[in-house]
Amino acid sequence: MNARFISPSLSVVILLLFSCGGQPSSQKGDIVDEFSFVNPVMASGSSPCLIYEDGTYYYTQATYTHVSIWSASSISGLKSAREQVVYEPQDTYYISGPRLYKFDGKWYLYYISEGGEQSMRMIHILENPSSNPLKGQFVEKNAILTGNVKSVHPSVFDKDGELFLLWSGSDVNPGSDILMRSIYIARLANPWTPASKGVRILSPSYEWECQWVSEDGPSSPEPSYVCDAPQMIFSRDKSKILLYYSASETITSHYCEGLAYTSSDSDLMSPDSWSKLPEPVFSQNADSLAFGTGHVSFFRNEKDSLYILYNAYSERSPYNIDNRSTRMQQVHWSKDGIPELGCPLLCSTPVRDPYL
C-alpha cells in the first residue's frame with residue numbers, strides 16, 4: 001500500500017488527531033455519580049465490542065473457548081454482569097475477535113476459530129433471529145475461508161445497505177521470513193455470504209506499523225508487520241469513509257491505532273482509493289498507565305456523542321494478551337467531521353455514560 005498524498009483539507013484535522021490537547025490524562029477530585037463510570041469497563045478483556053439496544057448494553061470480548069455476551073443497563077453495570085455463553089462449538093480452539101451486529105431484525109456474531117488447525121483460522125458467522133441476543137439460539141450460519149495463512153478480527157461495514165466484510169489476513173512477506181498482516185475487504189451478498197473475493201487494501205509500510213519488539217524486551221515469536229482490527233465508520237457528514245486499524249504487534253507497547261480514509265463515493269474495493277495517515281492517531285501514554293492501546297471500535301449514541309472502546313495494558317511489562325483490560329472514553333468530532341481520539345485517559349477519570 002503506497003502512502004498517498006494527504007489533501008490540504010485534512011491537514012488541520014491531522015494535527016488535531018496527533019495532539020493530546022483537550023484529552024486530560026486525569027481529573028483529580030472528580031466524584032463519580034450515578035451517570036458516570038470509571039475504567040476499566042472489564043478488568044480483563046480484549047477485542048471488545050459494545051451495542052446498545054432497547055435500554056440494554058450488550059458486550060462481547062475474546063474468550064478463546066466459547067462466545068459470550070454480557071448485558072447491563074449501564075456501563076458500570078457490565079463489571080458485575082453475569083457472563084452468558086451463547087455459543088460453544090465443538091472441536092475448535094482459540095476463539096477470538098467476536099463482533100456483534102443486528103441486521104434486518106436478526107443478530108449476527110462474527111468470530112475467528114482455528115478449528116484444530118492453527119494455520120487455518122476461519123471467519124465464522126452465527127445467526128440468532130430473536131429480538132434479544134440473550135434469548136433464542138445462535139446457530140452456525142457459515143464459515144469463510146479467506147485464502148490467507150491466517151484471518152483475524154472480522155468486522156462489517158454497512159454502506160447504505162451494502163455490506164462489506166473486513167478482516168486482517170496474514171501472508172509471508174515475499175523474499176523474507178517476515179509475517180505481514182494486511183487489511184482485506186470483500187462484498188457480502190447477505191450477512192453470511194461473500195459476494196466477491198477478498199482484496200488487500202491496506203498493508204503495513206510505516207516504521208510504527210512494523211514493530212514486534214517492545215522497548216523493554218518482550219517480543220513476538222517471529223518478526224511481523226501488522227495492520228489489523230479494521231473498523232470502518234463514516235465521517236460526521238458522511239462525505240468520507242474512515243478506516244481505523246491497529247498497527248504493530250499486540251504484545252508490545254507499540255500497538256497503536258492508525259487511520260486511512262477515502263471519499264464516500266469511491267470504490268472501497270480498490271487499494272488506490274485509500275490514503276493512509278503517516279502517524280498513529282491513538283497510542284500509548286505512560287502518564288495514563290495505558291500501553292499497547294489498540295483494537296479501537298466506535299460507539300455513537302442518539303445525541304451524536306461519540307465514544308471509543310479499546311484494550312490496553314496497565315503496565316509497561318510484561319505483555320501478555322491476558323493482561324489487557326477494556327476501556328471506554330468519549331471523543332469529539334473535529335470541525336471537519338473526523339473523530340479527535342486524543343490520548344488514553346487514566347482509569348480513575350470519570351466518564352459520562354452515553355445513555356444515562
# chains A, B, ... in the order shown; residues from 1 in each chain; ligands from 1

call {"tool": "residues_around", "arguments": {"residues": "Met328 of chain A", "least_positions_apart": "5", "cutoff": "8 Å", "atoms": "only C-alpha atoms", "output": "number ranges by chain"}}
result
A: 39-41, 307-310

call {"tool": "select_by_dssp", "arguments": {"residues": "segment 93-281 of chain A", "states": "strand (DSSP E)", "output": "MDAnalysis selection string"}}
result
chainID A and resid 96:103 106:113 122:128 139:144 150:159 162:172 179:190 193:194 199:202 224:234 240:247 256:263 275:276

call {"tool": "residues_around", "arguments": {"residues": "Leu242 of chain A", "least_positions_apart": "3", "cutoff": "12 Å", "atoms": "only C-alpha atoms", "output": "ChimeraX atom specification"}}
result
/A:157,159,230-239,245,258-264,268,273-277,297-298,337-339

call {"tool": "residues_around", "arguments": {"residues": "Gly292 of chain A", "least_positions_apart": "6", "cutoff": "8 Å", "atoms": "only C-alpha atoms", "output": "count of residues only"}}
result
12

call {"tool": "residues_around", "arguments": {"residues": "Ala186 of chain A", "least_positions_apart": "4", "cutoff": "8 Å", "atoms": "only C-alpha atoms", "output": "VMD selection string"}}
result
chain A and resid 164 to 166 194 to 199 269

call {"tool": "write_last_selection", "arguments": {"atoms": "N, CA, C and O atoms", "output": "compact mmCIF listing (two decimals), in the first residue's frame"}}
result
# COMPACT_ATOMS: atom_id res chain seq x y z
N PHE A 164 -20.06 -4.87 3.68
CA PHE A 164 -18.68 -5.23 3.37
C PHE A 164 -18.08 -5.94 4.58
O PHE A 164 -18.25 -5.49 5.72
N LEU A 165 -17.38 -7.02 4.34
CA LEU A 165 -16.67 -7.75 5.38
C LEU A 165 -15.20 -7.35 5.35
O LEU A 165 -14.57 -7.36 4.28
N LEU A 166 -14.65 -6.98 6.50
CA LEU A 166 -13.24 -6.64 6.61
C LEU A 166 -12.56 -7.60 7.57
O LEU A 166 -13.19 -8.12 8.51
N PRO A 194 -20.25 -14.26 1.20
CA PRO A 194 -19.43 -13.35 0.39
C PRO A 194 -19.96 -13.24 -1.03
O PRO A 194 -20.44 -14.21 -1.61
N ALA A 195 -19.88 -12.04 -1.59
CA ALA A 195 -20.28 -11.81 -2.98
C ALA A 195 -19.06 -11.53 -3.85
O ALA A 195 -19.21 -11.28 -5.04
N SER A 196 -17.87 -11.56 -3.25
CA SER A 196 -16.64 -11.34 -4.00
C SER A 196 -15.48 -11.97 -3.26
O SER A 196 -15.61 -12.35 -2.09
N LYS A 197 -14.36 -12.08 -3.92
CA LYS A 197 -13.13 -12.50 -3.26
C LYS A 197 -12.57 -11.32 -2.45
O LYS A 197 -12.86 -10.16 -2.73
N GLY A 198 -11.76 -11.64 -1.47
CA GLY A 198 -11.14 -10.61 -0.67
C GLY A 198 -10.07 -9.86 -1.44
O GLY A 198 -9.35 -10.43 -2.26
N VAL A 199 -9.98 -8.56 -1.19
CA VAL A 199 -8.99 -7.70 -1.81
C VAL A 199 -8.16 -7.04 -0.71
O VAL A 199 -8.71 -6.51 0.26
N MET A 269 -13.33 -1.28 -2.69
CA MET A 269 -12.58 -2.49 -3.02
C MET A 269 -11.28 -2.19 -3.76
O MET A 269 -10.51 -3.10 -4.05

call {"tool": "residues_around", "arguments": {"residues": "Ser74 of chain A", "least_positions_apart": "5", "cutoff": "9 Å", "atoms": "only C-alpha atoms", "output": "short mmCIF file (atom, residue, chain, number, x, y, z; two decimals) with N, CA and C atoms, in the first residue's frame"}}
result
data_model
loop_
_atom_site.label_atom_id
_atom_site.label_comp_id
_atom_site.auth_asym_id
_atom_site.auth_seq_id
_atom_site.Cartn_x
_atom_site.Cartn_y
_atom_site.Cartn_z
N PHE A 35 -24.45 8.75 36.93
CA PHE A 35 -24.48 8.91 35.48
C PHE A 35 -23.12 8.66 34.82
N SER A 36 -22.14 8.29 35.62
CA SER A 36 -20.78 8.14 35.11
C SER A 36 -20.20 6.79 35.49
N PHE A 37 -19.06 6.49 34.92
CA PHE A 37 -18.34 5.26 35.26
C PHE A 37 -16.84 5.56 35.22
N GLY A 55 -32.52 -0.01 25.76
CA GLY A 55 -32.19 0.21 27.15
C GLY A 55 -31.14 -0.71 27.73
N THR A 56 -30.52 -1.53 26.92
CA THR A 56 -29.54 -2.52 27.42
C THR A 56 -28.25 -2.45 26.61
N TYR A 57 -27.12 -2.48 27.32
CA TYR A 57 -25.82 -2.63 26.68
C TYR A 57 -25.53 -4.12 26.52
N ASP A 353 -21.68 8.18 31.15
CA ASP A 353 -22.31 7.06 30.48
C ASP A 353 -23.08 7.59 29.26
N PRO A 354 -22.91 6.98 28.08
CA PRO A 354 -23.56 7.51 26.87
C PRO A 354 -25.08 7.59 26.96
N TYR A 355 -25.71 6.72 27.74
CA TYR A 355 -27.17 6.68 27.73
C TYR A 355 -27.79 6.97 29.10
N LEU A 356 -27.03 7.56 30.00
CA LEU A 356 -27.61 7.93 31.31
C LEU A 356 -27.60 9.44 31.46
#

call {"tool": "closest_residue", "arguments": {"among": "A:Phe138, A:Tyr108, A:Phe103, A:Tyr244", "to": "Glu88 of chain A", "atoms": "only C-alpha atoms"}}
result
A:Phe138

call {"tool": "atom_distance", "arguments": {"atom1": "atom CA of Thr146 of chain A", "atom2": "atom CA of Pro204 of chain A"}}
result
19.2 Å

call {"tool": "closest_residue", "arguments": {"among": "A:Arg181, A:Trp192, A:Tyr101, A:Thr65", "to": "Ile123 of chain A", "atoms": "only C-alpha atoms"}}
result
A:Trp192

call {"tool": "residues_around", "arguments": {"residues": "Ile144 of chain A", "least_positions_apart": "5", "cutoff": "10 Å", "atoms": "only C-alpha atoms", "output": "ChimeraX atom specification"}}
result
/A:112,121-125,151,192-194

call {"tool": "closest_residue", "arguments": {"among": "A:Asn142, A:Ser168, A:Ser96, A:Ser348", "to": "Ser246 of chain A", "atoms": "only C-alpha atoms"}}
result
A:Ser168

call {"tool": "closest_residue", "arguments": {"among": "A:Glu279, A:Asp304, A:Glu53, A:Asp104", "to": "Gln330 of chain A", "atoms": "only C-alpha atoms"}}
result
A:Asp304
